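Down below is the structure, laid out as structure tokens.
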Amino acid sequence: MIAVDSNILVYAHREDSEWHAAAYARLAGLAEGRGAWAIPWPCIHEFLAIVTHPRIYSPPTPIGAAVDQVDAWIESPSLVLLAESDAHWRTLREALVAGKIAGPPVHDARVAALCIQHGVKELWSADRDFGRFPNLTVVNPLVG
């Protein structure tokens, strides 16, 4: 199963992103395909926070349009939404210690832990910080 990080979601949604066409095509391939794919819940939260933020985008995406976008992804019958389970703390703890994580990268550790705990084969992300988690394969689907 492939999981998708928030930056890929943002690029696929925002037509003013230089990576829009590539991200949109890759995400559409997952959403319209037969294989299971995933979005960690924290990535949906981060997507909403980023695209609706007026200091990041001018104009920002209206909340109604952002929510509609999330609804469209959730309609994909092959989507799995990754959430914390009872095993989450153990997996998150291991990711924090192995990656020597402190401060804002704790969010990335949370996403990595969700992926690991749910058996994700690879996380699609343009964020190199995920390289700090040895038990997670990270692929940037936007570059050759």
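All residue names refer to the structure tokens as shown: chains lettered A, B, ... in order, residues numbered from 1 in each chain, ligands numbered from 1 in order.
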Would you give me, as a ChimeraX atom specification, the residues in segment 6-137 of chain A that DSSP reads as helix (DSSP H, G or I)? /A:6-13,20-32,41-51,63-74,88-99,106-117,128-132
Would you mind listing what lies within 8 Å of segment 76-92 of chain A as a VMD selection string, with only C-alpha atoms counted and same-chain residues fewer than 2 positions away left out? chain A and resid 31 to 41 72 to 74 94 to 96 109 to 110 112 to 118
Please build the interface table for segment 69-134 of chain A against segment 46-62 of chain A with a cut-off of 12 Å, listing for each qualifying residue the nearest atom pair and the distance in Å to one decimal; count only C-alpha atoms, order rows by chain and increasing number, and write it as JSON lines.
{"residue": "A:Gln69", "atom": "CA", "partner": "A:Leu48", "partner_atom": "CA", "distance": 9.6}
{"residue": "A:Val70", "atom": "CA", "partner": "A:Leu48", "partner_atom": "CA", "distance": 8.6}
{"residue": "A:Asp71", "atom": "CA", "partner": "A:Leu48", "partner_atom": "CA", "distance": 11.9}
{"residue": "A:His107", "atom": "CA", "partner": "A:Glu46", "partner_atom": "CA", "distance": 9.7}
{"residue": "A:Asp108", "atom": "CA", "partner": "A:Glu46", "partner_atom": "CA", "distance": 11.0}
{"residue": "A:Val111", "atom": "CA", "partner": "A:Glu46", "partner_atom": "CA", "distance": 10.9}
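Here the question is which of A:Pro105, A:Gly99, A:Pro42, A:Gly64 gets nearest to Phe133 of chain A using only C-alpha atoms, and that residue is A:Gly99.
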Applying 8 Å and only C-alpha atoms, which residues near Val120 of chain A remain after dropping the ones on its own chain fewer than 5 positions away? List them as a PDB file with N, CA and C atoms, in the first residue's frame.
ATOM      1  N   MET A   1       0.847  -1.178   0.000  1.00  0.00           N
ATOM      2  CA  MET A   1       0.000   0.000   0.000  1.00  0.00           C
ATOM      3  C   MET A   1       0.893   1.241   0.000  1.00  0.00           C
ATOM      4  N   ILE A   2       0.483   2.237  -0.754  1.00  0.00           N
ATOM      5  CA  ILE A   2       1.183   3.524  -0.827  1.00  0.00           C
ATOM      6  C   ILE A   2       0.385   4.537  -0.010  1.00  0.00           C
ATOM      7  N   ALA A   3       1.088   5.286   0.844  1.00  0.00           N
ATOM      8  CA  ALA A   3       0.460   6.384   1.592  1.00  0.00           C
ATOM      9  C   ALA A   3       0.932   7.701   0.985  1.00  0.00           C
ATOM     10  N   CYS A 115       2.205   5.057   9.222  1.00  0.00           N
ATOM     11  CA  CYS A 115       2.517   4.268   8.024  1.00  0.00           C
ATOM     12  C   CYS A 115       3.112   2.915   8.401  1.00  0.00           C
TER      13      CYS A 115
END
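Between atom CA of Tyr24 of chain A and atom CA of Tyr11 of chain A there is a distance of 7.3 Å.
Taking atom CA of Leu142 of chain A and atom CA of Ala12 of chain A as the two end points, the separation is 10.7 Å.
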Within 7 Å of segment 125-132 of chain A, counting only C-alpha atoms, which residues show up once you throw out same-chain ones fewer than 3 positions away? Write them as a PDB file with C-alpha atoms, in the first residue's frame, please.
ATOM      1  CA  VAL A   4       0.407  10.034   0.535  1.00  0.00           C
ATOM      2  CA  ASP A   5       1.924  12.874   2.556  1.00  0.00           C
ATOM      3  CA  ASN A   7       2.648  18.053   0.498  1.00  0.00           C
ATOM      4  CA  ILE A   8       1.577  15.784  -2.372  1.00  0.00           C
ATOM      5  CA  GLY A  99      15.222   9.314  14.275  1.00  0.00           C
ATOM      6  CA  ASP A 108       6.600  13.682  10.719  1.00  0.00           C
ATOM      7  CA  VAL A 138       9.905   7.249   1.162  1.00  0.00           C
ATOM      8  CA  VAL A 139       9.533   8.042  -2.540  1.00  0.00           C
ATOM      9  CA  ASN A 140       9.159  11.444  -4.173  1.00  0.00           C
TER      10      ASN A 140
END
What is the distance, in Å and to one decimal place, between atom CA of Pro141 of chain A and atom CA of Glu18 of chain A? 14.0 Å
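Backbone DSSP over segment 24-59 of chain A yields strand (DSSP E) at Trp37, Ala38, Ile39 and Pro40 of chain A.
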Can you spit out the residues from that selection as a short mmCIF file (atom, residue, chain, number, x, y, z; two decimals), in the first residue's frame, using C-alpha atoms?
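Heads up, here's the output in selection-v3.cif:
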data_model
loop_
_atom_site.label_atom_id
_atom_site.label_comp_id
_atom_site.auth_asym_id
_atom_site.auth_seq_id
_atom_site.Cartn_x
_atom_site.Cartn_y
_atom_site.Cartn_z
CA TRP A 37 -3.72 3.47 -1.04
CA ALA A 38 -3.74 5.53 2.13
CA ILE A 39 -3.79 8.98 3.63
CA PRO A 40 -2.78 9.38 7.28
#
